[in-house]
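Worksheet: the structure to be examined is printed underneath.
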Amino acid sequence: MSNAELGSGEKQNLRDWLRTETPTSRRHARIASLYQGWLTLKANKLAMIGLFILVFLVLVAIFAPLLAPADPFEQDLANRLQPLWGEGHLLGTDSLGRDILSRLIYGARITLYIVTLVAMIAPIVGLFVGTVAGYAGGWVDTILMRVTDIFLAFPRLVLALAFVAALGAGIENAVIAISLTAWPPYARIARAETLTIRGSDYISAVKLQGAGPLRIIVKHIWPLCMSSIIVRVTLDMAGIILAAAGLGFLGMGAQPPSPEWGAMISEGRKFLLDYWWVATVPGLAIFTVSLGFNLLGDGLRDVLDPKDAGDA
Amino acid sequence: MSVTIQSENGRRASPIFSVVATIAKTLGTIAITMLGLLFITFVIGRIMPIDPLISILGERASKEMYEATYIKLGLDKPLVVQFFYYLWDVVRGDFGVSRLTARPVVDDIIRVFPATLELATIGTFIGVFVGIPLGVVAAVKRGTWIDQTARVIALVGYSMPIFWLGLVGLLVFYGILGWVGGPGRVGIFYVDIVPTVTGLILVDSMLDGQWDVFRDAVSHIILPASLLGYYSLAYISRMTRSFMLEQMNAEYVTTARVKGLSEWAVVWRHAFGNIKVPLITVVALSYAGLLEGSVLTEIIFSWPGIGSYITTALLSADMNAVLGGTVVVGLVFVCLNIFSDMLYKFFDPRAR
């Protein structure tokens with residue numbers, strides 16, 4: 001009897017416990033269903049690549065000061081526009097002699113910051129509007145959905161640009177502008193889910209027990225809307241990143257000297273023909289991260305929302 | 001709805017009445033949506049930190065002049081009244097004067113819009129003629145490497161920052177290979193040669209018989225239009241694939257196969273025939289998306305369309321132009337959506 005065999009035995013037990021058909025408690029059931037989902041997701045290679053990219057992004061953002069070979073803001077005009085694989089500068093330097101790799105690494109923080117904020121604000125606003133509209137019905141529903149339609153009718157980037165113009169350029173305002181244009185689809189989804197849930201028996205049962213509308217919405221409708229919202233958020237992230245980078249590119253997002261990826265492309269654009277890597281390398285970073293979100297979102301949809309996937 | 005009920009009761013509703021009712025309802029929807037749109041632009045115009053008077057009068061206006069203009073513009077009235085002033089102006093087609101070009105915003109928009117239209121139309125053509133076959137083939141050959149390739153092409157399209165792809169495209173095809181024309185609609189030697197009839201340079205140069213201008217315009221539009229077309233085809237091919245999958249699993253497809261029809265007839269005549277209607281909506285949506293989504297592409301390619309107009313105005317705090325442009329883009333967007341709805345109803349009797 002070696003320890004290894006014993007260890008694998010315990011592992012087997014754990015796996016059985018996780019894959020049980022007859023859960024012993026509510027927590028057990030929840031963990032088991034999460035594990036089932038994880039197994040499905042794990043089988044999807046593309047989704048795992050996406051997850052890997054995102055975990056990598058988060059780690060890079062967290063450990064930016066340790067990973068970055070140089071200060072992202074330190075200018076060195078003697079060494080400006082150094083080529084790729086240059087000495088001490090793996091990805092070269094930009095027009096002010098700043099190390100591009102270090103700026104990319106710190107830029108991951110900005111990207112993550114924008115995405116996280118928008119991903120918190122837009123779905124919550126949408127969830128709130130959608131469930132209230134769906135649950136209340138009547139004129140509340142009509143008015144809220146009309147407002148949603150109006151925002152949907154507006155072209156997103158143009159609206160975000162107009163908002164940023166009014167509020168002033170900057171990361172926070174870019175977040176607000178993108179959130180303001182991103183919430184309507186969530187409201188639509190949440191309303192549709194609420195309409196199907198509203199009439200079900202368990203809602204009537206909760207009502208009979210004396211629960212008010214607020215409690216019903218928060219405790220009994222929101223949890224059921226979560227899975228479709230999560231899928232939508234993951235798929236939306238790529239769009240959010242592209243919108244934020246677009247705003248940064250137009251000079252309406254993060255301001256210099258901030259190492260935001262879109263702004264870096266915009267800076268490098270002037271030197272495109274002679275020093276192509278200054279503009280193209282940050283674009284690859286944006287592409288990789290939004291591809292990661294799209295791959296993961298695609299896989300998550302298959303796990304959480306099988307009725308929509310259809311074509312797995 | 002009431003119309004159908006009436007006709008079921010035996011009293012046949014006059015077809016003219018139903019057409020009028022539909023048109024009235026559609027116009028009502030447009031009106032309400034536009035009202036909301038205008039309200040948003042109005043609010044944006046009010047919360048911006050720039051004093052509109054200083055932008056009109058300049059920094060050195062006297063106090064009397066300032067106050068006179070303040071009252072003349074109605075800025076002393078309550079906000080609600082101001083909103084109605086704004087509405088009235090917009091209804092008469094008056095978006096004010098652009099600071100940057102010193103011309104009425106409407107004239108500017110009429111001048112720049114054809115450029116965007118030309119770009120988006122060709123982009124949509126590319127999207128339709130590549131995206132639909134790609135989607136159909138992916139659905140028919142489901143699970144094979146063709147399907148996987150189509151999936152990757154679409155995912156990459158969804159994930160690529162368009163302004164970056166545009167830069168790389170310019171670098172490779174213009175800077176290094178020299179296969180296409182550079183930024184702008186035509187080369188510098190061809191600017192203003194053909195008389196403006198439609199504003200679409202491709203059409204105008206053909207009408208005028210200036211084939212060298214036409215060729216030059218093609219070489220300039222091909223790259224930005226392909227970029228937009230790529231985005232459009234990513235979306236169109238995915239939607240086509242999922243529509244087609246639904247049809248290919250249907251029983252009538254099996255029946256058609258059992259009858260011994262060729263695969264070509266089964267796929268293109270039977271299954272594809274049934275997805276034409278939803279595809280119209282998808283194409284219209286993607287067309288609307290290109291009309292507005294070309295903002296960044298136009299910047300990269302110095303394309304003098306509505307996207308670069310709005311952005312340039314934005315950077316110089318020319319709010320009349322920004323808001324006017326936004327309203328026009330919104331209006332086009334809303335109209336295209338409603339138009340696609342109507343087409344849907346026209347082609348699909350079940351949706352009536």
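Ligands are numbered from 1 in the order shown, chains are lettered A, B, ... in the order of the structure tokens, and residues start at 1 in each chain.
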Practice problem: as an MDAnalysis selection string, please: all residues of range 35-166 of chain A that backbone DSSP puts in alpha helix (DSSP H). | Solution: chainID A and resid 35:43 45:62 64:67 100:136 138:153 156:166
Would you mind exporting the chosen residues as a tab-separated table (two decimals), in the first residue's frame, restricted to C-alpha atoms?
```
chain	number	residue	atom	x	y	z
A	35	TYR	CA	-19.06	20.15	-11.18
A	36	GLN	CA	-21.19	18.76	-13.99
A	37	GLY	CA	-21.05	22.12	-15.71
A	38	TRP	CA	-17.31	22.28	-15.23
A	39	LEU	CA	-16.89	18.84	-16.81
A	40	THR	CA	-18.91	19.92	-19.86
A	41	LEU	CA	-16.91	23.11	-20.12
A	42	LYS	CA	-13.64	21.26	-19.70
A	43	ALA	CA	-14.48	19.03	-22.65
A	45	LYS	CA	-11.15	22.81	-25.91
A	46	LEU	CA	-11.78	26.25	-27.34
A	47	ALA	CA	-13.50	27.38	-24.14
A	48	MET	CA	-10.55	26.15	-22.09
A	49	ILE	CA	-8.18	28.17	-24.28
A	50	GLY	CA	-10.38	31.19	-23.61
A	51	LEU	CA	-10.34	30.54	-19.86
A	52	PHE	CA	-6.57	30.15	-19.95
A	53	ILE	CA	-6.16	33.51	-21.72
A	54	LEU	CA	-8.35	35.25	-19.14
A	55	VAL	CA	-6.66	33.67	-16.13
A	56	PHE	CA	-3.36	34.75	-17.66
A	57	LEU	CA	-4.70	38.30	-18.07
A	58	VAL	CA	-5.81	38.47	-14.45
A	59	LEU	CA	-2.47	37.15	-13.20
A	60	VAL	CA	-0.56	39.62	-15.36
A	61	ALA	CA	-2.71	42.47	-14.05
A	62	ILE	CA	-2.23	41.44	-10.42
A	64	ALA	CA	2.20	43.78	-13.05
A	65	PRO	CA	4.88	45.43	-10.86
A	66	LEU	CA	6.75	42.13	-10.56
A	67	LEU	CA	6.48	41.16	-14.22
A	100	ILE	CA	6.23	48.61	-24.80
A	101	LEU	CA	6.11	45.30	-22.93
A	102	SER	CA	5.87	47.05	-19.58
A	103	ARG	CA	3.15	49.34	-20.88
A	104	LEU	CA	1.21	46.33	-22.17
A	105	ILE	CA	1.50	44.65	-18.78
A	106	TYR	CA	0.24	47.70	-16.92
A	107	GLY	CA	-2.40	48.21	-19.61
A	108	ALA	CA	-3.88	44.84	-18.62
A	109	ARG	CA	-4.90	46.50	-15.34
A	110	ILE	CA	-6.78	49.26	-17.15
A	111	THR	CA	-8.53	46.81	-19.43
A	112	LEU	CA	-9.54	44.65	-16.50
A	113	TYR	CA	-10.69	47.70	-14.55
A	114	ILE	CA	-12.95	48.94	-17.35
A	115	VAL	CA	-14.36	45.51	-18.12
A	116	THR	CA	-15.08	44.72	-14.48
A	117	LEU	CA	-16.84	48.00	-13.84
A	118	VAL	CA	-18.98	47.83	-16.96
A	119	ALA	CA	-19.74	44.18	-16.28
A	120	MET	CA	-21.01	45.17	-12.84
A	121	ILE	CA	-23.01	48.24	-13.81
A	122	ALA	CA	-24.72	47.33	-17.09
A	123	PRO	CA	-26.15	43.90	-16.14
A	124	ILE	CA	-27.39	45.15	-12.78
A	125	VAL	CA	-29.19	48.11	-14.33
A	126	GLY	CA	-30.58	45.84	-17.04
A	127	LEU	CA	-31.61	43.15	-14.57
A	128	PHE	CA	-33.37	45.71	-12.41
A	129	VAL	CA	-35.23	47.38	-15.28
A	130	GLY	CA	-36.11	44.08	-16.97
A	131	THR	CA	-37.42	42.23	-13.92
A	132	VAL	CA	-39.42	45.20	-12.66
A	133	ALA	CA	-40.94	45.69	-16.12
A	134	GLY	CA	-41.70	42.00	-16.52
A	135	TYR	CA	-43.08	41.51	-13.01
A	136	ALA	CA	-45.11	44.72	-12.79
A	138	GLY	CA	-49.06	47.14	-17.47
A	139	TRP	CA	-47.95	50.72	-18.02
A	140	VAL	CA	-44.73	50.28	-16.03
A	141	ASP	CA	-43.73	47.58	-18.49
A	142	THR	CA	-44.72	49.70	-21.49
A	143	ILE	CA	-42.74	52.73	-20.34
A	144	LEU	CA	-39.62	50.84	-19.29
A	145	MET	CA	-39.51	48.80	-22.47
A	146	ARG	CA	-40.05	51.90	-24.61
A	147	VAL	CA	-37.04	53.50	-22.90
A	148	THR	CA	-35.06	50.31	-23.49
A	149	ASP	CA	-36.01	50.34	-27.16
A	150	ILE	CA	-34.93	53.94	-27.50
A	151	PHE	CA	-31.50	53.12	-26.11
A	152	LEU	CA	-31.31	50.07	-28.35
A	153	ALA	CA	-32.20	52.21	-31.35
A	156	ARG	CA	-23.76	52.26	-29.44
A	157	LEU	CA	-20.39	53.75	-30.26
A	158	VAL	CA	-21.89	57.03	-31.42
A	159	LEU	CA	-23.96	57.31	-28.25
A	160	ALA	CA	-20.94	56.49	-26.09
A	161	LEU	CA	-18.94	59.12	-27.97
A	162	ALA	CA	-21.64	61.74	-27.42
A	163	PHE	CA	-21.80	60.92	-23.71
A	164	VAL	CA	-18.04	61.11	-23.33
A	165	ALA	CA	-18.08	64.41	-25.18
A	166	ALA	CA	-20.59	65.77	-22.71
```
Quiz prompt | Residue list for chain B near chain A as a VMD selection string, 8 Å, only C-alpha atoms | solution = chain B and resid 33 to 34 36 to 37 44 to 45 47 to 49 155 to 156 158 to 161 163 to 164 167 to 168 171 175 242 245 289 292 to 293 295 to 296 311 314 317 322 to 323 326 329 to 330 333 to 334
Next, the residues of the selection above should be written as a PDB file, in the first residue's frame with C-alpha atoms.
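Written out: out.pdb:
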```
ATOM      1  CA  THR B  33     -38.532  56.419 -30.603  1.00  0.00           C
ATOM      2  CA  MET B  34     -37.311  59.605 -32.278  1.00  0.00           C
ATOM      3  CA  GLY B  36     -36.808  59.649 -26.969  1.00  0.00           C
ATOM      4  CA  LEU B  37     -33.707  59.936 -29.106  1.00  0.00           C
ATOM      5  CA  ILE B  44     -26.422  65.459 -23.597  1.00  0.00           C
ATOM      6  CA  GLY B  45     -26.359  68.946 -25.087  1.00  0.00           C
ATOM      7  CA  ILE B  47     -25.034  68.569 -19.461  1.00  0.00           C
ATOM      8  CA  MET B  48     -21.953  69.261 -21.500  1.00  0.00           C
ATOM      9  CA  PRO B  49     -19.557  71.554 -19.723  1.00  0.00           C
ATOM     10  CA  LEU B 155     -14.935  34.387 -33.715  1.00  0.00           C
ATOM     11  CA  VAL B 156     -11.834  36.201 -34.932  1.00  0.00           C
ATOM     12  CA  TYR B 158     -15.985  39.310 -33.381  1.00  0.00           C
ATOM     13  CA  SER B 159     -12.750  39.752 -31.441  1.00  0.00           C
ATOM     14  CA  MET B 160     -10.693  41.948 -33.744  1.00  0.00           C
ATOM     15  CA  PRO B 161     -10.465  45.668 -33.013  1.00  0.00           C
ATOM     16  CA  PHE B 163      -9.306  50.167 -36.164  1.00  0.00           C
ATOM     17  CA  TRP B 164      -6.299  47.952 -35.616  1.00  0.00           C
ATOM     18  CA  LEU B 167      -4.121  49.931 -39.704  1.00  0.00           C
ATOM     19  CA  VAL B 168      -2.549  46.553 -40.386  1.00  0.00           C
ATOM     20  CA  LEU B 171       0.369  48.802 -43.670  1.00  0.00           C
ATOM     21  CA  GLY B 175       2.388  50.500 -47.449  1.00  0.00           C
ATOM     22  CA  SER B 242     -27.963  28.417 -36.918  1.00  0.00           C
ATOM     23  CA  LEU B 245     -29.223  23.812 -38.774  1.00  0.00           C
ATOM     24  CA  GLY B 289     -24.704  48.280 -37.800  1.00  0.00           C
ATOM     25  CA  GLU B 292     -22.954  53.400 -37.587  1.00  0.00           C
ATOM     26  CA  GLY B 293     -20.053  51.046 -36.957  1.00  0.00           C
ATOM     27  CA  VAL B 295     -16.981  55.440 -37.285  1.00  0.00           C
ATOM     28  CA  LEU B 296     -13.579  53.936 -36.528  1.00  0.00           C
ATOM     29  CA  THR B 311     -15.718  62.411 -34.455  1.00  0.00           C
ATOM     30  CA  LEU B 314     -16.458  65.926 -31.168  1.00  0.00           C
ATOM     31  CA  ALA B 317     -16.382  70.519 -29.187  1.00  0.00           C
ATOM     32  CA  VAL B 322     -22.230  66.022 -32.946  1.00  0.00           C
ATOM     33  CA  LEU B 323     -25.858  66.021 -31.890  1.00  0.00           C
ATOM     34  CA  THR B 326     -26.129  61.468 -33.833  1.00  0.00           C
ATOM     35  CA  VAL B 329     -27.556  58.162 -37.556  1.00  0.00           C
ATOM     36  CA  GLY B 330     -30.216  57.199 -35.006  1.00  0.00           C
ATOM     37  CA  PHE B 333     -30.967  53.048 -37.651  1.00  0.00           C
ATOM     38  CA  VAL B 334     -34.598  53.185 -36.505  1.00  0.00           C
TER      39      VAL B 334
END
```
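For range 72-89 of chain A, the non-local neighbours within 8 Å, defined as residues at least 3 positions apart in the same chain or in other chains and counting only C-alpha atoms, are Ala68, Gly92, Thr93, Asp94, Ser95, Leu96, Gly97, Arg98, Asp99, Ile100, Leu101, Ser102, Arg103, Tyr106, Pro257, Pro259, Tyr275, Trp277 and Val278 of chain A.
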Can you tell me, as an mmCIF file with C-alpha atoms, in the first residue's frame, what residues are no more than 12 Å from Cys335 in chain B when counting only C-alpha atoms, ignoring any on the same chain fewer than 2 positions away?
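Okay, this is what ended up in out.cif:
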```
data_model
loop_
_atom_site.group_PDB
_atom_site.id
_atom_site.type_symbol
_atom_site.label_atom_id
_atom_site.label_comp_id
_atom_site.auth_asym_id
_atom_site.auth_seq_id
_atom_site.Cartn_x
_atom_site.Cartn_y
_atom_site.Cartn_z
ATOM 1 C CA ALA A 153 -32.198 52.213 -31.346
ATOM 2 C CA PHE A 154 -29.181 54.401 -30.718
ATOM 3 C CA THR B 26 -45.361 52.335 -37.746
ATOM 4 C CA LEU B 27 -45.184 56.118 -37.884
ATOM 5 C CA THR B 29 -43.399 53.885 -33.272
ATOM 6 C CA ILE B 30 -40.902 55.951 -35.235
ATOM 7 C CA ALA B 31 -42.225 59.147 -33.678
ATOM 8 C CA THR B 33 -38.532 56.419 -30.603
ATOM 9 C CA MET B 34 -37.311 59.605 -32.278
ATOM 10 C CA ALA B 284 -30.836 44.708 -42.471
ATOM 11 C CA LEU B 285 -29.542 44.740 -38.892
ATOM 12 C CA TYR B 287 -26.415 46.989 -42.645
ATOM 13 C CA ALA B 288 -27.625 49.365 -39.949
ATOM 14 C CA VAL B 328 -29.429 61.405 -38.195
ATOM 15 C CA VAL B 329 -27.556 58.162 -37.556
ATOM 16 C CA GLY B 330 -30.216 57.199 -35.006
ATOM 17 C CA LEU B 331 -32.987 57.993 -37.467
ATOM 18 C CA VAL B 332 -31.415 55.832 -40.175
ATOM 19 C CA PHE B 333 -30.967 53.048 -37.651
ATOM 20 C CA ASN B 337 -35.103 48.345 -38.234
ATOM 21 C CA ILE B 338 -38.695 49.141 -39.013
ATOM 22 C CA PHE B 339 -38.127 48.577 -42.719
ATOM 23 C CA SER B 340 -36.774 45.104 -42.020
ATOM 24 C CA ASP B 341 -39.810 44.402 -39.840
ATOM 25 C CA MET B 342 -42.089 45.395 -42.689
#
```
Quiz item: Leaving out Pro223 in chain A and any residue of its chain fewer than 3 positions from it, which residues lie within 12 Å of it when counting only C-alpha atoms, given as a ChimeraX atom specification?
Solution: /A:127,131,190,193-194,197,215-220,226-230
For N, CA and C atoms, I'd like the residues from the last selection saved as a PDB file, in the first residue's frame.
```
ATOM      1  N   LEU A 127     -30.860  44.129 -15.359  1.00  0.00           N
ATOM      2  CA  LEU A 127     -31.606  43.148 -14.570  1.00  0.00           C
ATOM      3  C   LEU A 127     -32.732  43.836 -13.809  1.00  0.00           C
ATOM      4  N   THR A 131     -36.561  43.007 -14.818  1.00  0.00           N
ATOM      5  CA  THR A 131     -37.420  42.233 -13.921  1.00  0.00           C
ATOM      6  C   THR A 131     -38.589  43.073 -13.425  1.00  0.00           C
ATOM      7  N   ALA A 190     -33.748  39.874 -19.173  1.00  0.00           N
ATOM      8  CA  ALA A 190     -34.331  39.709 -17.844  1.00  0.00           C
ATOM      9  C   ALA A 190     -35.852  39.766 -17.920  1.00  0.00           C
ATOM     10  N   GLU A 193     -37.175  36.456 -19.303  1.00  0.00           N
ATOM     11  CA  GLU A 193     -37.105  35.398 -18.287  1.00  0.00           C
ATOM     12  C   GLU A 193     -38.199  35.597 -17.250  1.00  0.00           C
ATOM     13  N   THR A 194     -38.363  36.858 -16.801  1.00  0.00           N
ATOM     14  CA  THR A 194     -39.352  37.144 -15.774  1.00  0.00           C
ATOM     15  C   THR A 194     -40.748  36.757 -16.240  1.00  0.00           C
ATOM     16  N   ILE A 197     -41.182  33.159 -15.800  1.00  0.00           N
ATOM     17  CA  ILE A 197     -41.159  32.719 -14.400  1.00  0.00           C
ATOM     18  C   ILE A 197     -42.418  33.177 -13.663  1.00  0.00           C
ATOM     19  N   ARG A 215     -39.383  41.106  -2.456  1.00  0.00           N
ATOM     20  CA  ARG A 215     -38.768  39.845  -2.063  1.00  0.00           C
ATOM     21  C   ARG A 215     -38.852  38.831  -3.195  1.00  0.00           C
ATOM     22  N   ILE A 216     -39.976  38.803  -3.875  1.00  0.00           N
ATOM     23  CA  ILE A 216     -40.139  37.843  -4.970  1.00  0.00           C
ATOM     24  C   ILE A 216     -39.122  38.133  -6.068  1.00  0.00           C
ATOM     25  N   ILE A 217     -39.003  39.421  -6.408  1.00  0.00           N
ATOM     26  CA  ILE A 217     -38.084  39.767  -7.490  1.00  0.00           C
ATOM     27  C   ILE A 217     -36.643  39.453  -7.095  1.00  0.00           C
ATOM     28  N   VAL A 218     -36.241  39.906  -5.900  1.00  0.00           N
ATOM     29  CA  VAL A 218     -34.845  39.776  -5.512  1.00  0.00           C
ATOM     30  C   VAL A 218     -34.479  38.322  -5.221  1.00  0.00           C
ATOM     31  N   LYS A 219     -35.357  37.636  -4.484  1.00  0.00           N
ATOM     32  CA  LYS A 219     -34.980  36.311  -3.992  1.00  0.00           C
ATOM     33  C   LYS A 219     -35.395  35.186  -4.921  1.00  0.00           C
ATOM     34  N   HIS A 220     -36.431  35.397  -5.713  1.00  0.00           N
ATOM     35  CA  HIS A 220     -36.946  34.262  -6.472  1.00  0.00           C
ATOM     36  C   HIS A 220     -36.873  34.437  -7.972  1.00  0.00           C
ATOM     37  N   MET A 226     -29.986  34.627 -13.606  1.00  0.00           N
ATOM     38  CA  MET A 226     -28.537  34.776 -13.586  1.00  0.00           C
ATOM     39  C   MET A 226     -27.833  34.054 -14.726  1.00  0.00           C
ATOM     40  N   SER A 227     -28.245  32.803 -15.035  1.00  0.00           N
ATOM     41  CA  SER A 227     -27.414  32.047 -15.975  1.00  0.00           C
ATOM     42  C   SER A 227     -27.429  32.690 -17.358  1.00  0.00           C
ATOM     43  N   SER A 228     -28.614  33.134 -17.805  1.00  0.00           N
ATOM     44  CA  SER A 228     -28.605  33.749 -19.146  1.00  0.00           C
ATOM     45  C   SER A 228     -27.866  35.083 -19.118  1.00  0.00           C
ATOM     46  N   ILE A 229     -27.944  35.780 -17.965  1.00  0.00           N
ATOM     47  CA  ILE A 229     -27.227  37.059 -17.872  1.00  0.00           C
ATOM     48  C   ILE A 229     -25.715  36.815 -17.903  1.00  0.00           C
ATOM     49  N   ILE A 230     -25.269  35.787 -17.185  1.00  0.00           N
ATOM     50  CA  ILE A 230     -23.823  35.522 -17.137  1.00  0.00           C
ATOM     51  C   ILE A 230     -23.289  35.210 -18.531  1.00  0.00           C
TER      52      ILE A 230
END
```
Self-check item: Nearest to Asp302 in chain A, chosen from A:Gln12, A:Thr20, A:Ser25, A:Asn44, with only C-alpha atoms counted in the distances
Solution: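 Residue with the minimum atom-to-atom distance to Asp302 in chain A: A:Asn44.
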Quiz item: How many Å lie between CA of Thr22 in chain B and CA of Thr196 in chain A, rounded to one decimal?
Solution: 28.9 Å
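Every protein, DNA or RNA residue with an atom at most 12 Å from range 202-209 of chain B, where only C-alpha atoms count and chain neighbours fewer than 6 positions away do not, is listed here: Pro114, Ala115, Leu117, Glu118, Leu119, Thr121, Ile122, Arg185, Val186, Tyr190, Val191, Asp192, Ile193, Val194, Pro195, Thr196, Arg215, Asp216, Ala217, Val218, Ser219, His220, Ile221 and Ile222 of chain B.
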Quiz item: Which of these, A:Asn173, A:Ser200, A:Thr181, A:Thr24, has the shortest distance to Gly253 in chain A once you count only C-alpha atoms?
Solution: A:Asn173
